[in-house]
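With TSV, C-alpha atoms inside, this is coords.tsv:
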```tsv
chain	number	residue	atom	x	y	z
A	495	MET	CA	0.00	0.00	0.00
A	496	ASN	CA	1.53	3.36	-1.02
A	497	GLN	CA	1.76	6.38	1.28
A	498	ASN	CA	-1.32	8.08	-0.14
A	499	GLU	CA	-3.38	4.90	0.31
A	500	GLU	CA	-2.09	4.51	3.87
A	501	MET	CA	-2.98	8.12	4.70
A	502	LEU	CA	-6.37	7.76	3.01
A	503	GLN	CA	-7.16	4.72	5.17
A	504	LYS	CA	-5.84	6.46	8.30
A	505	LEU	CA	-8.10	9.46	7.69
A	506	ARG	CA	-11.09	7.26	6.84
A	507	ASP	CA	-10.56	5.22	10.01
A	508	PHE	CA	-10.30	8.32	12.19
A	509	ARG	CA	-13.41	9.81	10.59
A	510	MET	CA	-15.31	6.61	11.38
A	511	GLU	CA	-14.10	6.66	14.99
A	512	ILE	CA	-15.34	10.22	15.46
A	513	MET	CA	-18.63	9.37	13.74
A	514	LEU	CA	-19.17	6.51	16.18
A	515	GLU	CA	-18.38	8.82	19.11
A	516	ILE	CA	-20.97	11.30	17.83
A	517	GLN	CA	-23.48	8.51	17.31
A	518	ASN	CA	-23.07	7.29	20.89
A	519	GLU	CA	-23.49	10.78	22.37
A	520	ASP	CA	-27.24	10.52	21.68
A	521	SER	CA	-27.40	14.27	20.99
A	522	ASP	CA	-30.46	16.02	19.57
A	523	LYS	CA	-28.20	18.02	17.24
A	524	ASN	CA	-27.64	17.12	13.60
A	525	ILE	CA	-23.88	16.72	13.20
A	526	ASP	CA	-22.07	16.02	9.94
A	527	ILE	CA	-18.34	15.59	9.48
A	528	GLU	CA	-17.45	17.67	6.44
A	529	ASP	CA	-13.74	16.80	6.35
A	530	VAL	CA	-10.88	15.30	8.38
A	531	VAL	CA	-7.39	16.77	7.96
A	532	TYR	CA	-4.10	15.25	9.09
A	533	CYS	CA	-2.03	18.02	10.73
A	534	GLY	CA	1.16	16.14	11.61
A	535	GLN	CA	2.35	15.29	15.12
A	536	LEU	CA	2.61	17.15	18.44
A	537	ASN	CA	4.59	16.36	21.57
A	538	PHE	CA	2.63	15.35	24.68
A	539	ILE	CA	3.83	14.52	28.20
A	540	GLU	CA	2.52	11.23	29.59
A	541	SER	CA	3.89	9.61	32.77
A	542	ASN	CA	6.74	12.15	32.71
A	543	GLU	CA	7.73	11.02	29.22
A	544	GLU	CA	7.44	12.90	25.94
A	545	VAL	CA	5.39	11.10	23.29
A	546	LYS	CA	4.43	12.09	19.77
A	547	LYS	CA	0.83	11.78	18.65
A	548	ASP	CA	-0.95	12.27	15.34
A	549	VAL	CA	-3.23	15.31	15.33
A	550	PHE	CA	-6.35	15.56	13.20
A	551	LEU	CA	-8.52	18.57	12.43
A	552	VAL	CA	-12.20	17.58	12.27
A	553	VAL	CA	-14.48	19.96	10.38
A	554	LYS	CA	-18.01	19.57	11.75
A	555	ASN	CA	-21.33	20.95	10.60
A	556	VAL	CA	-23.46	21.28	13.74
A	557	ASP	CA	-27.02	22.31	12.90
A	558	GLY	CA	-25.66	24.42	10.04
A	559	THR	CA	-22.77	25.96	12.00
A	560	MET	CA	-19.21	25.04	11.06
A	561	LYS	CA	-16.88	24.00	13.90
A	562	PHE	CA	-13.16	23.22	13.66
A	563	GLU	CA	-11.78	20.86	16.32
A	564	TYR	CA	-8.33	19.32	16.82
A	565	TYR	CA	-8.04	15.77	18.14
A	566	ALA	CA	-5.26	13.44	19.29
A	567	ASP	CA	-6.20	9.85	20.16
A	568	LYS	CA	-9.87	10.89	19.84
A	569	ASP	CA	-9.33	13.46	22.64
A	570	LEU	CA	-10.35	17.02	21.88
A	571	ILE	CA	-7.18	19.07	22.40
A	572	ALA	CA	-8.06	22.44	20.83
A	573	ILE	CA	-10.59	24.38	18.78
A	574	ASP	CA	-10.09	26.84	15.96
A	575	TYR	CA	-11.90	30.09	16.76
A	576	ASN	CA	-11.55	33.05	14.37
A	577	GLU	CA	-8.40	31.44	12.96
A	578	MET	CA	-6.88	31.15	16.43
A	579	ILE	CA	-6.02	27.75	17.92
A	580	ILE	CA	-7.33	27.64	21.50
A	581	PRO	CA	-6.25	24.61	23.61
A	582	THR	CA	-8.77	22.88	25.84
A	583	GLN	CA	-8.19	23.11	29.60
A	584	GLU	CA	-6.37	19.77	29.84
A	585	TYR	CA	-3.93	20.65	27.05
A	586	GLN	CA	-2.97	24.22	28.00
A	587	ASN	CA	0.70	23.20	28.34
A	588	VAL	CA	0.97	21.58	24.89
A	589	ASP	CA	2.87	23.63	22.30
A	590	MET	CA	0.36	24.18	19.47
A	591	LYS	CA	2.69	26.31	17.32
A	592	PRO	CA	3.64	23.42	14.98
A	593	LEU	CA	-0.02	23.21	13.92
A	594	ILE	CA	0.28	26.72	12.48
A	595	LYS	CA	3.82	26.28	11.19
A	596	ASN	CA	2.91	23.13	9.23
A	597	GLU	CA	-0.41	24.33	7.80
A	598	ASP	CA	0.87	23.97	4.22
A	599	LYS	CA	1.69	20.29	4.87
A	600	ARG	CA	-1.79	19.30	6.02
A	601	ILE	CA	-3.49	16.42	4.20
A	602	SER	CA	-7.27	16.55	3.63
A	603	LEU	CA	-9.39	13.41	3.40
A	604	ASN	CA	-11.65	15.14	0.88
A	605	ASN	CA	-8.67	16.01	-1.34
A	606	LEU	CA	-7.33	12.45	-1.22
A	607	GLU	CA	-10.76	11.08	-2.13
A	608	ILE	CA	-11.01	13.48	-5.09
A	609	GLU	CA	-7.50	12.56	-6.23
A	610	LYS	CA	-8.34	8.85	-6.05
A	611	PHE	CA	-11.62	9.28	-7.90
A	612	SER	CA	-9.93	11.41	-10.57
A	613	LYS	CA	-7.43	8.65	-11.29
A	614	MET	CA	-10.29	6.16	-11.51
A	615	ALA	CA	-12.16	8.46	-13.88
A	616	GLU	CA	-9.09	8.56	-16.11
A	617	THR	CA	-8.86	4.75	-16.02
A	618	MET	CA	-12.57	4.43	-16.85
A	619	GLY	CA	-12.29	7.00	-19.67
A	620	ILE	CA	-14.91	9.34	-18.20
A	621	GLU	CA	-14.89	13.01	-17.27
A	622	GLU	CA	-14.21	14.08	-13.69
A	623	ASN	CA	-17.68	15.65	-13.45
A	624	GLN	CA	-19.05	12.10	-13.85
A	625	ILE	CA	-17.15	10.94	-10.79
A	626	ASP	CA	-20.30	9.90	-8.93
A	627	ALA	CA	-20.53	6.98	-11.36
A	628	CYS	CA	-16.99	5.84	-10.64
A	629	SER	CA	-15.70	2.95	-8.55
A	630	GLU	CA	-15.05	3.47	-4.86
A	631	ILE	CA	-12.79	0.43	-4.86
A	632	ASP	CA	-9.27	0.84	-6.28
A	633	SER	CA	-9.30	-0.50	-9.84
A	634	LYS	CA	-6.41	-2.87	-9.06
A	635	ASN	CA	-8.86	-4.89	-6.94
A	636	LEU	CA	-10.84	-5.77	-10.05
A	637	ASN	CA	-9.85	-7.04	-13.48
A	638	GLU	CA	-9.63	-3.74	-15.37
A	639	GLU	CA	-10.34	-5.28	-18.76
A	640	GLU	CA	-13.50	-6.93	-17.47
A	641	LEU	CA	-14.42	-3.76	-15.59
A	642	LEU	CA	-14.40	-1.74	-18.81
A	643	LYS	CA	-15.98	-4.50	-20.86
A	644	LYS	CA	-18.97	-4.90	-18.56
A	645	ALA	CA	-19.24	-1.20	-17.65
A	646	VAL	CA	-19.29	-2.15	-13.98
A	647	ASN	CA	-19.22	0.52	-11.32
A	648	VAL	CA	-18.75	-0.21	-7.62
A	649	LYS	CA	-20.71	2.53	-5.90
A	650	SER	CA	-20.76	1.69	-2.20
A	651	GLU	CA	-18.44	-0.01	0.26
A	652	PHE	CA	-19.37	-1.34	3.69
A	653	ASN	CA	-17.32	-2.63	6.59
A	654	PRO	CA	-18.82	-6.03	7.53
A	655	GLY	CA	-18.16	-5.27	11.22
A	656	ASP	CA	-20.08	-1.99	11.33
A	657	LYS	CA	-23.45	-2.23	13.05
A	658	ILE	CA	-26.54	-2.17	10.84
A	659	THR	CA	-28.87	-2.44	13.83
A	660	SER	CA	-27.84	-1.85	17.43
A	661	THR	CA	-26.58	-5.46	17.78
A	662	GLU	CA	-26.08	-6.92	14.29
A	663	ASN	CA	-23.75	-6.28	11.37
A	664	PHE	CA	-23.36	-7.81	7.88
A	665	GLY	CA	-21.43	-10.70	9.38
A	666	ASN	CA	-24.29	-11.54	11.76
A	667	LEU	CA	-27.03	-11.11	9.18
A	668	ILE	CA	-25.45	-12.87	6.19
A	669	GLN	CA	-23.82	-16.24	6.75
A	670	GLY	CA	-20.23	-16.21	5.49
A	671	ALA	CA	-19.91	-12.42	5.25
A	672	ASN	CA	-17.40	-12.24	8.12
A	673	LYS	CA	-14.60	-13.58	5.94
A	674	TYR	CA	-14.56	-10.42	3.81
A	675	ASP	CA	-12.73	-7.16	4.43
A	676	LYS	CA	-15.40	-5.16	2.59
A	677	ILE	CA	-18.93	-5.60	1.33
A	678	ALA	CA	-19.69	-3.69	-1.87
A	679	VAL	CA	-22.55	-3.04	-4.26
A	680	ILE	CA	-21.78	-3.43	-7.95
A	681	TYR	CA	-24.00	-1.94	-10.62
A	682	SER	CA	-23.86	-2.88	-14.30
A	683	HIS	CA	-26.29	-1.52	-16.86
A	684	ASN	CA	-25.38	-4.50	-19.08
A	685	SER	CA	-26.37	-7.07	-16.47
A	686	ASN	CA	-29.82	-8.63	-16.20
A	687	ASP	CA	-29.71	-8.29	-12.42
A	688	ARG	CA	-28.19	-4.78	-12.56
A	689	PHE	CA	-27.13	-4.90	-8.90
A	690	LYS	CA	-24.89	-7.36	-7.06
A	691	LEU	CA	-23.79	-7.41	-3.43
A	692	VAL	CA	-20.29	-8.82	-3.26
A	693	GLY	CA	-17.61	-9.55	-0.69
A	694	ILE	CA	-14.02	-8.36	-1.16
A	695	THR	CA	-11.19	-10.33	0.44
A	696	ASN	CA	-8.06	-8.74	1.86
A	697	ASP	CA	-6.17	-9.65	-1.33
A	698	GLY	CA	-8.76	-7.92	-3.53
A	699	LYS	CA	-10.70	-10.95	-4.71
A	700	VAL	CA	-14.38	-10.19	-5.44
A	701	GLU	CA	-17.02	-12.85	-4.70
A	702	GLU	CA	-20.80	-12.71	-4.95
A	703	LEU	CA	-22.53	-13.16	-1.59
A	704	GLU	CA	-24.12	-16.60	-1.80
A	705	ASN	CA	-26.65	-16.12	0.99
A	706	LEU	CA	-28.50	-13.22	-0.59
A	707	ILE	CA	-31.34	-13.79	-3.07
A	708	GLN	CA	-32.56	-11.01	-5.36
A	709	THR	CA	-36.32	-10.80	-5.19
A	710	GLU	CA	-39.17	-8.79	-6.71
A	711	GLY	CA	-37.49	-8.75	-10.17
A	712	ILE	CA	-35.45	-5.85	-11.55
A	713	ASN	CA	-38.22	-3.27	-11.05
A	714	PRO	CA	-39.72	-3.88	-7.59
A	715	THR	CA	-43.10	-2.30	-6.96
A	716	GLU	CA	-43.30	-2.90	-3.21
A	717	ARG	CA	-43.76	0.28	-1.16
A	718	ILE	CA	-41.25	0.65	1.67
A	719	VAL	CA	-41.51	3.00	4.65
A	720	THR	CA	-38.02	4.48	4.60
A	721	SER	CA	-36.24	6.85	6.97
A	722	ASP	CA	-33.33	9.17	6.32
A	723	ARG	CA	-30.26	8.70	8.52
A	724	TYR	CA	-31.50	10.99	11.31
A	725	GLY	CA	-35.14	9.90	11.30
A	726	ASP	CA	-36.30	13.45	10.50
A	727	ASN	CA	-37.71	12.53	7.12
A	728	THR	CA	-39.60	9.23	6.94
A	729	THR	CA	-41.43	8.58	3.67
A	730	GLU	CA	-42.73	5.73	1.52
A	731	ASN	CA	-40.75	4.74	-1.57
A	732	THR	CA	-40.02	1.88	-3.94
A	733	ALA	CA	-36.55	0.34	-4.50
A	734	SER	CA	-34.44	-0.31	-7.60
A	735	ALA	CA	-33.61	-3.78	-6.29
A	736	MET	CA	-34.42	-5.93	-3.28
A	737	PHE	CA	-32.56	-8.86	-1.73
A	738	LYS	CA	-33.70	-11.26	0.98
A	739	ILE	CA	-31.38	-13.08	3.35
A	740	LYS	CA	-31.30	-16.89	3.25
A	741	GLY	CA	-32.58	-18.23	6.55
A	742	ARG	CA	-34.07	-14.83	7.47
A	743	PRO	CA	-36.92	-14.40	4.96
A	744	ASP	CA	-38.39	-11.32	6.63
A	745	GLU	CA	-35.12	-9.39	6.42
A	746	GLY	CA	-33.12	-8.08	3.51
A	747	PHE	CA	-31.74	-5.08	1.69
A	748	ALA	CA	-33.18	-2.49	-0.67
A	749	VAL	CA	-30.97	-0.71	-3.19
A	750	ASN	CA	-31.58	2.64	-4.88
A	751	ILE	CA	-29.58	5.12	-6.92
A	752	GLY	CA	-29.85	8.43	-5.07
A	753	SER	CA	-30.24	11.92	-6.49
A	754	ALA	CA	-26.44	12.44	-6.50
A	755	GLY	CA	-25.87	9.27	-8.51
A	756	CYS	CA	-24.60	7.31	-5.50
A	757	ILE	CA	-25.99	3.94	-4.52
A	758	GLU	CA	-28.00	3.89	-1.32
A	759	VAL	CA	-28.53	0.63	0.57
A	760	ASN	CA	-31.17	0.15	3.26
A	761	TYR	CA	-31.74	-2.66	5.74
A	762	VAL	CA	-35.34	-3.86	5.34
A	763	ARG	CA	-37.73	-5.76	7.59
A	764	ARG	CA	-41.03	-7.20	6.39
A	765	SER	CA	-44.22	-7.36	8.43
A	766	THR	CA	-46.67	-10.27	8.50
A	767	ASP	CA	-48.91	-8.14	6.25
A	768	ASP	CA	-46.18	-7.99	3.58
A	769	GLU	CA	-45.39	-4.36	4.35
A	770	TYR	CA	-41.84	-3.06	4.66
A	771	LEU	CA	-39.83	-0.78	6.95
A	772	SER	CA	-36.22	0.26	6.31
A	773	ILE	CA	-33.31	2.40	7.49
A	774	PRO	CA	-30.04	3.37	5.73
A	775	ILE	CA	-26.79	1.45	6.18
A	776	GLU	CA	-23.59	3.34	6.93
A	777	ALA	CA	-21.14	3.10	4.03
A	778	GLU	CA	-17.56	4.31	3.51
A	779	HIS	CA	-18.86	7.54	1.98
A	780	THR	CA	-22.19	7.83	3.78
A	781	ARG	CA	-22.78	9.78	6.99
A	782	TYR	CA	-23.63	7.85	10.14
A	783	VAL	CA	-27.10	6.55	10.94
A	784	SER	CA	-28.85	7.52	14.18
A	785	SER	CA	-28.54	4.97	16.98
A	786	GLU	CA	-32.26	5.54	17.62
A	787	LEU	CA	-33.06	4.07	14.20
A	788	LYS	CA	-30.71	1.14	14.73
A	789	ARG	CA	-32.38	0.30	18.04
A	790	GLY	CA	-35.83	0.55	16.47
A	791	MET	CA	-34.90	-1.90	13.71
A	792	ASP	CA	-33.09	-4.38	15.95
A	793	LYS	CA	-34.93	-7.71	15.79
A	794	SER	CA	-33.79	-8.70	19.29
A	795	LYS	CA	-35.36	-5.55	20.74
A	796	ASN	CA	-38.32	-5.12	18.38
A	797	THR	CA	-39.69	-8.45	17.14
A	798	ARG	CA	-42.44	-6.99	14.94
A	799	VAL	CA	-42.65	-3.91	12.69
A	800	GLU	CA	-46.40	-3.95	11.94
A	801	GLU	CA	-47.18	-1.15	14.37
A	802	GLU	CA	-44.39	1.09	13.08
A	803	VAL	CA	-45.62	0.71	9.50
A	804	ASP	CA	-49.23	1.41	10.52
A	805	ARG	CA	-48.26	4.52	12.48
A	806	ALA	CA	-46.09	5.73	9.59
A	807	GLN	CA	-48.89	5.36	7.07
A	808	ALA	CA	-51.35	7.21	9.33
A	809	GLU	CA	-48.86	10.03	9.92
A	810	MET	CA	-47.99	10.35	6.24
A	811	GLU	CA	-51.62	10.47	5.24
A	812	ASN	CA	-52.10	13.58	7.39
A	813	HIS	CA	-48.76	15.28	6.78
A	814	ASN	CA	-47.91	15.42	3.09
A	815	ASP	CA	-46.59	11.86	2.81
A	816	LYS	CA	-43.83	12.20	5.39
A	817	THR	CA	-43.26	12.00	9.13
A	818	ASN	CA	-40.57	11.74	11.81
A	819	TRP	CA	-39.24	8.39	13.07
A	820	LYS	CA	-39.98	9.49	16.64
A	821	ASN	CA	-43.67	9.48	15.78
A	822	ILE	CA	-43.69	5.89	14.54
A	823	ASP	CA	-41.40	4.11	17.00
A	824	ASP	CA	-42.55	2.25	20.13
A	825	ASN	CA	-41.81	5.16	22.48
A	826	PRO	CA	-44.92	7.36	22.88
A	827	ASN	CA	-43.01	9.79	25.10
A	828	ASN	CA	-40.69	11.08	22.37
A	829	ASP	CA	-43.37	11.98	19.81
A	830	ILE	CA	-42.93	15.28	18.04
A	831	ASP	CA	-45.90	17.55	17.57
A	832	HIS	CA	-45.97	19.41	14.31
A	833	GLU	CA	-45.19	22.84	15.74
A	834	ASN	CA	-42.40	23.33	13.19
A	835	ILE	CA	-44.81	22.75	10.30
A	836	ILE	CA	-46.87	25.55	8.78
A	837	ILE	CA	-49.74	24.85	6.41
A	838	THR	CA	-50.48	27.19	3.52
A	839	GLU	CA	-53.97	28.13	2.35
A	840	ASP	CA	-53.86	25.47	-0.35
A	841	GLY	CA	-52.98	22.79	2.23
A	842	LYS	CA	-49.26	22.58	1.44
A	843	GLU	CA	-47.01	21.85	4.42
A	844	ILE	CA	-43.77	23.80	4.86
A	845	SER	CA	-41.22	22.47	7.33
A	846	LEU	CA	-39.45	25.23	9.24
A	847	GLU	CA	-36.71	22.70	10.06
A	848	GLU	CA	-36.05	22.15	6.37
A	849	GLU	CA	-36.14	25.87	5.63
A	850	ALA	CA	-33.72	26.52	8.51
A	851	ALA	CA	-31.37	23.87	7.12
A	852	LYS	CA	-31.44	25.57	3.72
A	853	ALA	CA	-30.61	28.89	5.37
A	854	LYS	CA	-27.90	27.22	7.52
A	855	VAL	CA	-29.27	28.59	10.80
A	856	SER	CA	-30.92	26.94	13.79
A	857	VAL	CA	-34.65	26.27	13.76
A	858	GLU	CA	-35.06	28.64	16.72
A	859	GLU	CA	-33.33	31.47	14.86
A	860	PHE	CA	-35.39	30.87	11.71
A	861	LYS	CA	-38.63	30.85	13.73
A	862	ARG	CA	-37.62	34.05	15.55
A	863	ILE	CA	-37.09	35.92	12.28
A	864	TYR	CA	-40.23	34.37	10.81
A	865	LYS	CA	-42.37	35.71	13.67
A	866	GLU	CA	-41.00	39.20	13.06
A	867	GLN	CA	-42.34	39.30	9.50
A	868	SER	CA	-45.49	41.23	8.68
A	869	GLU	CA	-48.68	39.21	9.05
A	870	SER	CA	-50.01	40.97	5.95
A	871	LEU	CA	-47.68	38.74	3.91
A	872	SER	CA	-48.69	35.27	2.79
A	873	LEU	CA	-46.93	32.35	4.48
A	874	GLU	CA	-44.76	31.79	1.41
A	875	GLU	CA	-43.85	35.49	1.30
A	876	ARG	CA	-42.90	35.44	4.98
A	877	ILE	CA	-40.66	32.43	4.38
A	878	GLU	CA	-39.01	34.20	1.43
A	879	ALA	CA	-38.54	37.35	3.54
A	880	VAL	CA	-36.79	35.31	6.24
A	881	HIS	CA	-34.36	33.86	3.71
A	882	GLU	CA	-33.64	37.34	2.33
A	883	GLU	CA	-33.01	38.75	5.81
A	884	ILE	CA	-30.66	35.90	6.72
A	885	GLU	CA	-28.84	36.30	3.41
A	886	GLU	CA	-28.36	40.00	4.08
A	887	GLN	CA	-26.99	39.28	7.56
A	888	PHE	CA	-24.30	36.98	6.20
A	889	ILE	CA	-23.65	38.38	2.71
A	890	GLY	CA	-24.90	41.96	2.86
A	891	PRO	CA	-27.84	43.61	1.09
A	892	ARG	CA	-28.46	42.77	-2.54
A	893	GLN	CA	-27.28	45.33	-5.07
A	894	ILE	CA	-30.07	46.93	-7.06
```
Would you mind writing the file out in structure tokens?
Amino acid sequence: MNQNEEMLQKLRDFRMEIMLEIQNEDSDKNIDIEDVVYCGQLNFIESNEEVKKDVFLVVKNVDGTMKFEYYADKDLIAIDYNEMIIPTQEYQNVDMKPLIKNEDKRISLNNLEIEKFSKMAETMGIEENQIDACSEIDSKNLNEEELLKKAVNVKSEFNPGDKITSTENFGNLIQGANKYDKIAVIYSHNSNDRFKLVGITNDGKVEELENLIQTEGINPTERIVTSDRYGDNTTENTASAMFKIKGRPDEGFAVNIGSAGCIEVNYVRRSTDDEYLSIPIEAEHTRYVSSELKRGMDKSKNTRVEEEVDRAQAEMENHNDKTNWKNIDDNPNNDIDHENIIITEDGKEISLEEEAAKAKVSVEEFKRIYKEQSESLSLEERIEAVHEEIEEQFIGPRQI
């Protein structure tokens, strides 16, 4: 493995560690990791001895606000505030100057990913702006001639050990999956099946997973109650492909090509009424999935999904075909009223949470500015006025 590949894996691994930490915090905030940057090493004193540790800058998006945090061994050691590095209380005596001195030597995970994808695009003979259709697995792991001949693209990678529900991973769900280093989804527009779930060994060998059976044909029509990764947006959709697990006929996976051209894979459970409930699976290039969703889909904790599906369908019928996971799970004490939803005169629902996310401010801030708008305006006009006011605050007034 060359140095770039080693650094890429190091940054990916650290990003996953931080994602798992965030997931286990059980916070109400929506937190995305936008980038992870290797900043070199710093000297630390432990047991009266000086030790060197790798330092990573984690760029977080917390409810629309960007935060820049420095970590060593997953410990928060400093924050970046107005381009100043401020140590946390425990690390006041650590010399942070090398972090500034070596800024031009920092290595960004995002940049390494782009570099890798660009090389793959060149190998595949496509333009860089088509990179979403490119392989996420290094082309040396597949036979390049066959790859080009069959127009195969590997779109998603999964670590077999990562939890799909709160207690089970690919290795638990699919017999034989534990022997692989990665699980991947392969798409070929020249294949009758179109999608394949495969295992990749540590020496790069690709094998089809024997204990998965594609079902429902190549154009499934089954409706699936599906949540986004936070549970904020639960809707009903169809899938591009569905697979059931041998020995576990009421469990499987649904595959879709998302709006950005990336493959999305969901873990699916079937009710006794042949209705379906699903949540996303964390992939190498997919943000983490809420632990609340994983608990709700765990078969050892929730043996049946009939009630969740029924509640979802009732909620969606009354709220423009979508709801929140909290309103369909088995906990009646965490239900969300629809106070952040406004309904226009023609019956259209507008989510203030979604509008706040677009404006990159908190829901509370968006609602505060919304309430200040003239009541003589229509609801849509008030929403537009809020966006204009927020834009002026951050960018300045529009030039006329």
Looking at A:Val799, A:Ala808, A:Val759, A:Val679, which one is nearest to A:Pro774, with distances taken over only C-alpha atoms?
->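 Going through A:Val799, A:Ala808, A:Val759, A:Val679 one by one, the smallest distance to A:Pro774 is for A:Val759.
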Using only C-alpha atoms, determine which residues lie at most 10 Å from A:Ser868, disregarding the query and same-chain residues fewer than 6 positions distant; provide the list as a PyMOL selection string.
-> chain A and resi 875-876+879
Output of the above residues as a PDB file, keeping the file's coordinate frame, restricted to C-alpha atoms:
```
ATOM      1  CA  GLU A 875     -43.850  35.490   1.300  1.00  0.00           C
ATOM      2  CA  ARG A 876     -42.900  35.440   4.980  1.00  0.00           C
ATOM      3  CA  ALA A 879     -38.540  37.350   3.540  1.00  0.00           C
TER       4      ALA A 879
END
```
Mind checking which residues fall within 9 Å of A:Ile658, counting all atoms listed in the file, ignoring those fewer than 6 positions away in the same chain, and posting them as a PDB file with C-alpha atoms, in the frame of the given file?
```pdb
ATOM      1  CA  PHE A 664     -23.360  -7.810   7.880  1.00  0.00           C
ATOM      2  CA  TYR A 761     -31.740  -2.660   5.740  1.00  0.00           C
ATOM      3  CA  ILE A 773     -33.310   2.400   7.490  1.00  0.00           C
ATOM      4  CA  PRO A 774     -30.040   3.370   5.730  1.00  0.00           C
ATOM      5  CA  ILE A 775     -26.790   1.450   6.180  1.00  0.00           C
ATOM      6  CA  GLU A 776     -23.590   3.340   6.930  1.00  0.00           C
ATOM      7  CA  VAL A 783     -27.100   6.550  10.940  1.00  0.00           C
ATOM      8  CA  LYS A 788     -30.710   1.140  14.730  1.00  0.00           C
ATOM      9  CA  MET A 791     -34.900  -1.900  13.710  1.00  0.00           C
ATOM     10  CA  ASP A 792     -33.090  -4.380  15.950  1.00  0.00           C
TER      11      ASP A 792
END
```
Which is closer to A:Asp557 than all the others in A:Thr797, A:Glu847, A:Lys591, A:Lys861, using all atoms listed in the file?
-> A:Glu847
Using only C-alpha atoms, which of A:Met510, A:Val692, A:Met501, A:Ala671 sits nearest A:Asp548?
->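 Closest to A:Asp548, using only C-alpha atoms: A:Met501.
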